[in-house]
Amino acid sequence: MTGAKQILLAGFAAALSLLVSACHTTVTGPELAAESPLVVSSVPPTSASYLADYTQDGALPFTCEVMMRSDDMIRRDYTWQDDKGAARKVSIVINGDKAVRIENGKTTSVEDSDTVMARFFAGLVLSPAAVISSADRSVRSASGADRYVYWVRLNGVSGVESCIVNTDPKSRLWTGLKVRMAAGQEVSTVFPEYKTISNVTYPSRLVSSTGDGAPVQCIIRDVKINPELPDELFRLPDSNG
């Protein structure tokens, strides 16, 4: 390494260390939920539903209807057309610590990274203070604009090891999220667009990547806040797989 490169790297490290140490603070779970919300509302929602259209290079597009309640009830109905044009549907129903997959009348127990992330995102949206105990916050500068970075400590979230949140310092909205699963997989998501309905601001477009394939783009539409979601939607059929 040349002397010039060594000096440059040393100067960068010193500046970064000074920046982090000067702006480092710790916030509690409720404070983080208020400071950097994924969903902004004067009253935290108890339920939400939406349609999400997913596209990915090299894969068939599909739509997912998401229904979730703050009492750990989640239903995701996936619909798409296969390469022969036939309509397909798969449902994932999560009821507390149990989850099943329903396809063609067959029900099987399931527990994978998708169900883990479904639980995690539902918690972040509907009850963030319950899944986040506290976070270390610092200010970083990117392209001349400051941004807040939170290293989040989780509270009893099964299957998730760590979480980092980037937020816009003015709006406090999340701009990025990196989640490391307990199994070692990392999921990175950016939130480039938000919309507001009924005084609730939500991310209308997400782009996620796991490092093992092309990024997945998600467009969120038909959002409903506090809809009536009856227990029947989340009832678990007997597993037969």
# chains A, B, ... in the order shown; residues from 1 in each chain; ligands from 1
call {"tool": "select_by_dssp", "arguments": {"residues": "segment 92-165 of chain A", "states": "alpha helix (DSSP H)", "output": "JSON, numbers by chain"}}
result
{"A": [113, 114, 115, 116, 117, 118, 119, 120, 121, 122, 123, 124, 125, 126, 128, 129, 130, 131]}
call {"tool": "residues_around", "arguments": {"residues": "segment 178-192 of chain A", "least_positions_apart": "5", "cutoff": "7 Å", "atoms": "only C-alpha atoms", "output": "count of residues only"}}
result
14
call {"tool": "closest_atom_pairs", "arguments": {"of": "segment 75-170 of chain A", "to": "segment 48-51 of chain A", "cutoff": "12 Å", "atoms": "only C-alpha atoms", "output": "JSON lines"}}
result
{"residue": "A:Arg75", "atom": "CA", "partner": "A:Ser49", "partner_atom": "CA", "distance": 9.4}
{"residue": "A:Arg76", "atom": "CA", "partner": "A:Leu51", "partner_atom": "CA", "distance": 9.6}
{"residue": "A:Asp77", "atom": "CA", "partner": "A:Leu51", "partner_atom": "CA", "distance": 9.5}
{"residue": "A:Tyr78", "atom": "CA", "partner": "A:Leu51", "partner_atom": "CA", "distance": 9.9}
{"residue": "A:Thr79", "atom": "CA", "partner": "A:Leu51", "partner_atom": "CA", "distance": 10.8}
{"residue": "A:Phe121", "atom": "CA", "partner": "A:Ala48", "partner_atom": "CA", "distance": 11.9}
{"residue": "A:Ala122", "atom": "CA", "partner": "A:Ala48", "partner_atom": "CA", "distance": 9.1}
{"residue": "A:Gly123", "atom": "CA", "partner": "A:Ala48", "partner_atom": "CA", "distance": 11.6}
{"residue": "A:Val125", "atom": "CA", "partner": "A:Ala48", "partner_atom": "CA", "distance": 8.8}
{"residue": "A:Leu126", "atom": "CA", "partner": "A:Ala48", "partner_atom": "CA", "distance": 8.1}
{"residue": "A:Ser127", "atom": "CA", "partner": "A:Ala48", "partner_atom": "CA", "distance": 11.8}
call {"tool": "write_last_selection", "arguments": {"atoms": "N, CA and C atoms", "output": "PDB file, in the first residue's frame"}}
result
ATOM      1  N   ARG A  75     -51.925 -13.466   7.517  1.00  0.00           N
ATOM      2  CA  ARG A  75     -52.292 -14.314   6.388  1.00  0.00           C
ATOM      3  C   ARG A  75     -51.747 -13.677   5.114  1.00  0.00           C
ATOM      4  N   ARG A  76     -51.109 -14.501   4.273  1.00  0.00           N
ATOM      5  CA  ARG A  76     -50.560 -14.045   3.007  1.00  0.00           C
ATOM      6  C   ARG A  76     -51.071 -14.982   1.905  1.00  0.00           C
ATOM      7  N   ASP A  77     -51.881 -14.451   1.005  1.00  0.00           N
ATOM      8  CA  ASP A  77     -52.424 -15.225  -0.105  1.00  0.00           C
ATOM      9  C   ASP A  77     -51.675 -14.855  -1.390  1.00  0.00           C
ATOM     10  N   TYR A  78     -50.878 -15.798  -1.897  1.00  0.00           N
ATOM     11  CA  TYR A  78     -50.091 -15.577  -3.109  1.00  0.00           C
ATOM     12  C   TYR A  78     -50.868 -16.084  -4.323  1.00  0.00           C
ATOM     13  N   THR A  79     -50.977 -15.262  -5.356  1.00  0.00           N
ATOM     14  CA  THR A  79     -51.625 -15.689  -6.593  1.00  0.00           C
ATOM     15  C   THR A  79     -50.740 -15.308  -7.778  1.00  0.00           C
ATOM     16  N   PHE A 121     -41.752  -8.249   9.980  1.00  0.00           N
ATOM     17  CA  PHE A 121     -42.306  -7.043   9.384  1.00  0.00           C
ATOM     18  C   PHE A 121     -43.638  -6.676  10.025  1.00  0.00           C
ATOM     19  N   ALA A 122     -44.475  -7.664  10.335  1.00  0.00           N
ATOM     20  CA  ALA A 122     -45.750  -7.372  10.992  1.00  0.00           C
ATOM     21  C   ALA A 122     -45.509  -6.705  12.341  1.00  0.00           C
ATOM     22  N   GLY A 123     -44.509  -7.188  13.057  1.00  0.00           N
ATOM     23  CA  GLY A 123     -44.177  -6.578  14.336  1.00  0.00           C
ATOM     24  C   GLY A 123     -43.684  -5.151  14.184  1.00  0.00           C
ATOM     25  N   VAL A 125     -44.436  -3.067  11.822  1.00  0.00           N
ATOM     26  CA  VAL A 125     -45.518  -2.190  11.373  1.00  0.00           C
ATOM     27  C   VAL A 125     -46.548  -1.950  12.470  1.00  0.00           C
ATOM     28  N   LEU A 126     -46.959  -3.016  13.162  1.00  0.00           N
ATOM     29  CA  LEU A 126     -48.086  -2.914  14.087  1.00  0.00           C
ATOM     30  C   LEU A 126     -47.679  -2.734  15.548  1.00  0.00           C
ATOM     31  N   SER A 127     -46.539  -3.269  15.942  1.00  0.00           N
ATOM     32  CA  SER A 127     -46.127  -3.141  17.345  1.00  0.00           C
ATOM     33  C   SER A 127     -44.609  -3.106  17.448  1.00  0.00           C
TER      34      SER A 127
END
call {"tool": "closest_residue", "arguments": {"among": "A:Ser113, A:Thr167, A:Thr107, A:Thr63", "to": "Ala87 of chain A", "atoms": "only C-alpha atoms"}}
result
A:Thr63
call {"tool": "closest_residue", "arguments": {"among": "A:Arg140, A:Pro37, A:Thr26, A:Asp82", "to": "Trp174 of chain A", "atoms": "only C-alpha atoms"}}
result
A:Pro37
call {"tool": "closest_residue", "arguments": {"among": "A:Gly176, A:Gly58, A:Pro128, A:Pro230", "to": "Ala214 of chain A", "atoms": "only C-alpha atoms"}}
result
A:Gly58
call {"tool": "closest_residue", "arguments": {"among": "A:Ser133, A:Ser138, A:Gln217, A:Thr175", "to": "Tyr54 of chain A", "atoms": "only C-alpha atoms"}}
result
A:Gln217
call {"tool": "residues_around", "arguments": {"residues": "Met73 of chain A", "least_positions_apart": "2", "cutoff": "12 Å", "atoms": "only C-alpha atoms", "output": "PyMOL selection string"}}
result
chain A and resi 46-49+66-71+75-76+92-99+115+118-119+122-123+126+229-236
call {"tool": "closest_residue", "arguments": {"among": "A:Val40, A:Val90, A:Asp168, A:Gly29", "to": "Cys64 of chain A", "atoms": "only C-alpha atoms"}}
result
A:Val90
call {"tool": "atom_distance", "arguments": {"atom1": "atom CA of Met117 of chain A", "atom2": "atom CA of Val131 of chain A"}}
result
12.5 Å
call {"tool": "select_by_dssp", "arguments": {"residues": "segment 97-159 of chain A", "states": "strand (DSSP E)", "output": "ChimeraX atom specification"}}
result
/A:98-103,106-109,132-142,145-154
call {"tool": "write_last_selection", "arguments": {"atoms": "N, CA and C atoms", "output": "short mmCIF file (atom, residue, chain, number, x, y, z; two decimals), in the first residue's frame"}}
result
data_model
loop_
_atom_site.label_atom_id
_atom_site.label_comp_id
_atom_site.auth_asym_id
_atom_site.auth_seq_id
_atom_site.Cartn_x
_atom_site.Cartn_y
_atom_site.Cartn_z
N LYS A 98 -47.27 -20.68 15.32
CA LYS A 98 -47.51 -21.75 14.36
C LYS A 98 -47.79 -21.16 12.98
N ALA A 99 -47.38 -21.91 11.94
CA ALA A 99 -47.60 -21.45 10.57
C ALA A 99 -47.86 -22.65 9.67
N VAL A 100 -48.75 -22.47 8.70
CA VAL A 100 -49.04 -23.55 7.75
C VAL A 100 -49.07 -22.97 6.34
N ARG A 101 -48.83 -23.86 5.38
CA ARG A 101 -48.94 -23.56 3.96
C ARG A 101 -50.13 -24.33 3.42
N ILE A 102 -50.99 -23.65 2.66
CA ILE A 102 -52.19 -24.28 2.10
C ILE A 102 -52.12 -24.17 0.58
N GLU A 103 -52.14 -25.31 -0.10
CA GLU A 103 -52.08 -25.33 -1.56
C GLU A 103 -52.85 -26.54 -2.07
N LYS A 106 -54.26 -28.98 0.33
CA LYS A 106 -53.32 -29.67 1.20
C LYS A 106 -52.68 -28.67 2.16
N THR A 107 -52.64 -29.05 3.43
CA THR A 107 -52.07 -28.18 4.46
C THR A 107 -50.82 -28.81 5.04
N THR A 108 -49.74 -28.04 5.07
CA THR A 108 -48.48 -28.54 5.65
C THR A 108 -47.92 -27.50 6.60
N SER A 109 -47.30 -27.97 7.67
CA SER A 109 -46.62 -27.06 8.58
C SER A 109 -45.41 -26.46 7.87
N ILE A 132 -38.60 -4.34 19.41
CA ILE A 132 -37.35 -3.58 19.53
C ILE A 132 -37.19 -3.15 20.98
N SER A 133 -36.09 -3.55 21.62
CA SER A 133 -35.86 -3.15 23.00
C SER A 133 -35.17 -1.78 23.05
N SER A 134 -34.12 -1.60 22.23
CA SER A 134 -33.42 -0.32 22.17
C SER A 134 -32.54 -0.30 20.94
N ALA A 135 -31.90 0.84 20.70
CA ALA A 135 -31.05 0.96 19.52
C ALA A 135 -29.97 2.00 19.76
N ASP A 136 -28.79 1.73 19.20
CA ASP A 136 -27.73 2.72 19.19
C ASP A 136 -27.86 3.55 17.92
N ARG A 137 -27.83 4.86 18.05
CA ARG A 137 -28.03 5.74 16.91
C ARG A 137 -26.78 6.59 16.67
N SER A 138 -26.42 6.75 15.41
CA SER A 138 -25.35 7.67 15.05
C SER A 138 -25.74 8.37 13.76
N VAL A 139 -25.00 9.42 13.45
CA VAL A 139 -25.25 10.18 12.23
C VAL A 139 -24.13 9.89 11.24
N ARG A 140 -24.50 9.52 10.04
CA ARG A 140 -23.54 9.33 8.96
C ARG A 140 -23.86 10.31 7.84
N SER A 141 -22.85 10.66 7.07
CA SER A 141 -23.05 11.55 5.95
C SER A 141 -22.91 10.77 4.66
N ALA A 142 -23.92 10.84 3.80
CA ALA A 142 -23.90 10.14 2.52
C ALA A 142 -24.24 11.13 1.42
N ALA A 145 -25.56 14.48 2.43
CA ALA A 145 -26.79 14.55 3.24
C ALA A 145 -26.66 13.65 4.46
N ASP A 146 -26.93 14.19 5.63
CA ASP A 146 -26.86 13.39 6.84
C ASP A 146 -27.99 12.38 6.88
N ARG A 147 -27.74 11.25 7.52
CA ARG A 147 -28.78 10.25 7.72
C ARG A 147 -28.54 9.58 9.07
N TYR A 148 -29.59 9.14 9.69
CA TYR A 148 -29.49 8.42 10.95
C TYR A 148 -29.34 6.93 10.66
N VAL A 149 -28.46 6.29 11.41
CA VAL A 149 -28.27 4.84 11.33
C VAL A 149 -28.52 4.27 12.72
N TYR A 150 -29.38 3.27 12.79
CA TYR A 150 -29.72 2.64 14.06
C TYR A 150 -29.26 1.19 14.06
N TRP A 151 -28.49 0.81 15.06
CA TRP A 151 -28.15 -0.59 15.29
C TRP A 151 -29.13 -1.10 16.34
N VAL A 152 -30.05 -1.93 15.91
CA VAL A 152 -31.22 -2.25 16.71
C VAL A 152 -30.98 -3.50 17.56
N ARG A 153 -31.40 -3.43 18.81
CA ARG A 153 -31.40 -4.61 19.69
C ARG A 153 -32.83 -5.11 19.79
N LEU A 154 -32.99 -6.38 19.46
CA LEU A 154 -34.32 -6.95 19.34
C LEU A 154 -34.76 -7.59 20.64
#
call {"tool": "residues_around", "arguments": {"residues": "Trp80 of chain A", "least_positions_apart": "4", "cutoff": "9 Å", "atoms": "only C-alpha atoms", "output": "list of chain:residue names"}}
result
A:Leu60, A:Pro61, A:Phe62, A:Thr63, A:Cys64, A:Gly85, A:Ala86, A:Ala87, A:Arg88, A:Lys89
call {"tool": "decode", "arguments": {"residues": "segment 85-96 of chain A", "atoms": "N, CA and C atoms", "output": "PDB file, in the first residue's frame"}}
result
ATOM      1  N   GLY A  85     -49.945 -20.430 -18.120  1.00  0.00           N
ATOM      2  CA  GLY A  85     -51.084 -19.536 -18.026  1.00  0.00           C
ATOM      3  C   GLY A  85     -52.144 -19.966 -17.037  1.00  0.00           C
ATOM      4  N   ALA A  86     -51.898 -21.045 -16.295  1.00  0.00           N
ATOM      5  CA  ALA A  86     -52.874 -21.525 -15.310  1.00  0.00           C
ATOM      6  C   ALA A  86     -52.772 -20.709 -14.025  1.00  0.00           C
ATOM      7  N   ALA A  87     -53.934 -20.408 -13.428  1.00  0.00           N
ATOM      8  CA  ALA A  87     -53.960 -19.651 -12.179  1.00  0.00           C
ATOM      9  C   ALA A  87     -53.508 -20.529 -11.017  1.00  0.00           C
ATOM     10  N   ARG A  88     -52.666 -19.963 -10.167  1.00  0.00           N
ATOM     11  CA  ARG A  88     -52.166 -20.691  -8.987  1.00  0.00           C
ATOM     12  C   ARG A  88     -52.393 -19.841  -7.736  1.00  0.00           C
ATOM     13  N   LYS A  89     -52.572 -20.533  -6.612  1.00  0.00           N
ATOM     14  CA  LYS A  89     -52.730 -19.827  -5.348  1.00  0.00           C
ATOM     15  C   LYS A  89     -52.123 -20.652  -4.225  1.00  0.00           C
ATOM     16  N   VAL A  90     -51.368 -19.961  -3.357  1.00  0.00           N
ATOM     17  CA  VAL A  90     -50.806 -20.568  -2.153  1.00  0.00           C
ATOM     18  C   VAL A  90     -51.052 -19.608  -0.997  1.00  0.00           C
ATOM     19  N   SER A  91     -51.497 -20.126   0.125  1.00  0.00           N
ATOM     20  CA  SER A  91     -51.726 -19.302   1.312  1.00  0.00           C
ATOM     21  C   SER A  91     -50.773 -19.706   2.424  1.00  0.00           C
ATOM     22  N   ILE A  92     -50.222 -18.712   3.086  1.00  0.00           N
ATOM     23  CA  ILE A  92     -49.443 -18.930   4.308  1.00  0.00           C
ATOM     24  C   ILE A  92     -50.221 -18.289   5.450  1.00  0.00           C
ATOM     25  N   VAL A  93     -50.578 -19.079   6.448  1.00  0.00           N
ATOM     26  CA  VAL A  93     -51.332 -18.570   7.598  1.00  0.00           C
ATOM     27  C   VAL A  93     -50.465 -18.730   8.842  1.00  0.00           C
ATOM     28  N   ILE A  94     -50.254 -17.630   9.532  1.00  0.00           N
ATOM     29  CA  ILE A  94     -49.442 -17.621  10.747  1.00  0.00           C
ATOM     30  C   ILE A  94     -50.337 -17.233  11.911  1.00  0.00           C
ATOM     31  N   ASN A  95     -50.382 -18.107  12.896  1.00  0.00           N
ATOM     32  CA  ASN A  95     -51.205 -17.891  14.074  1.00  0.00           C
ATOM     33  C   ASN A  95     -50.298 -18.050  15.290  1.00  0.00           C
ATOM     34  N   GLY A  96     -49.802 -16.912  15.815  1.00  0.00           N
ATOM     35  CA  GLY A  96     -48.858 -16.980  16.919  1.00  0.00           C
ATOM     36  C   GLY A  96     -47.561 -17.644  16.500  1.00  0.00           C
TER      37      GLY A  96
END
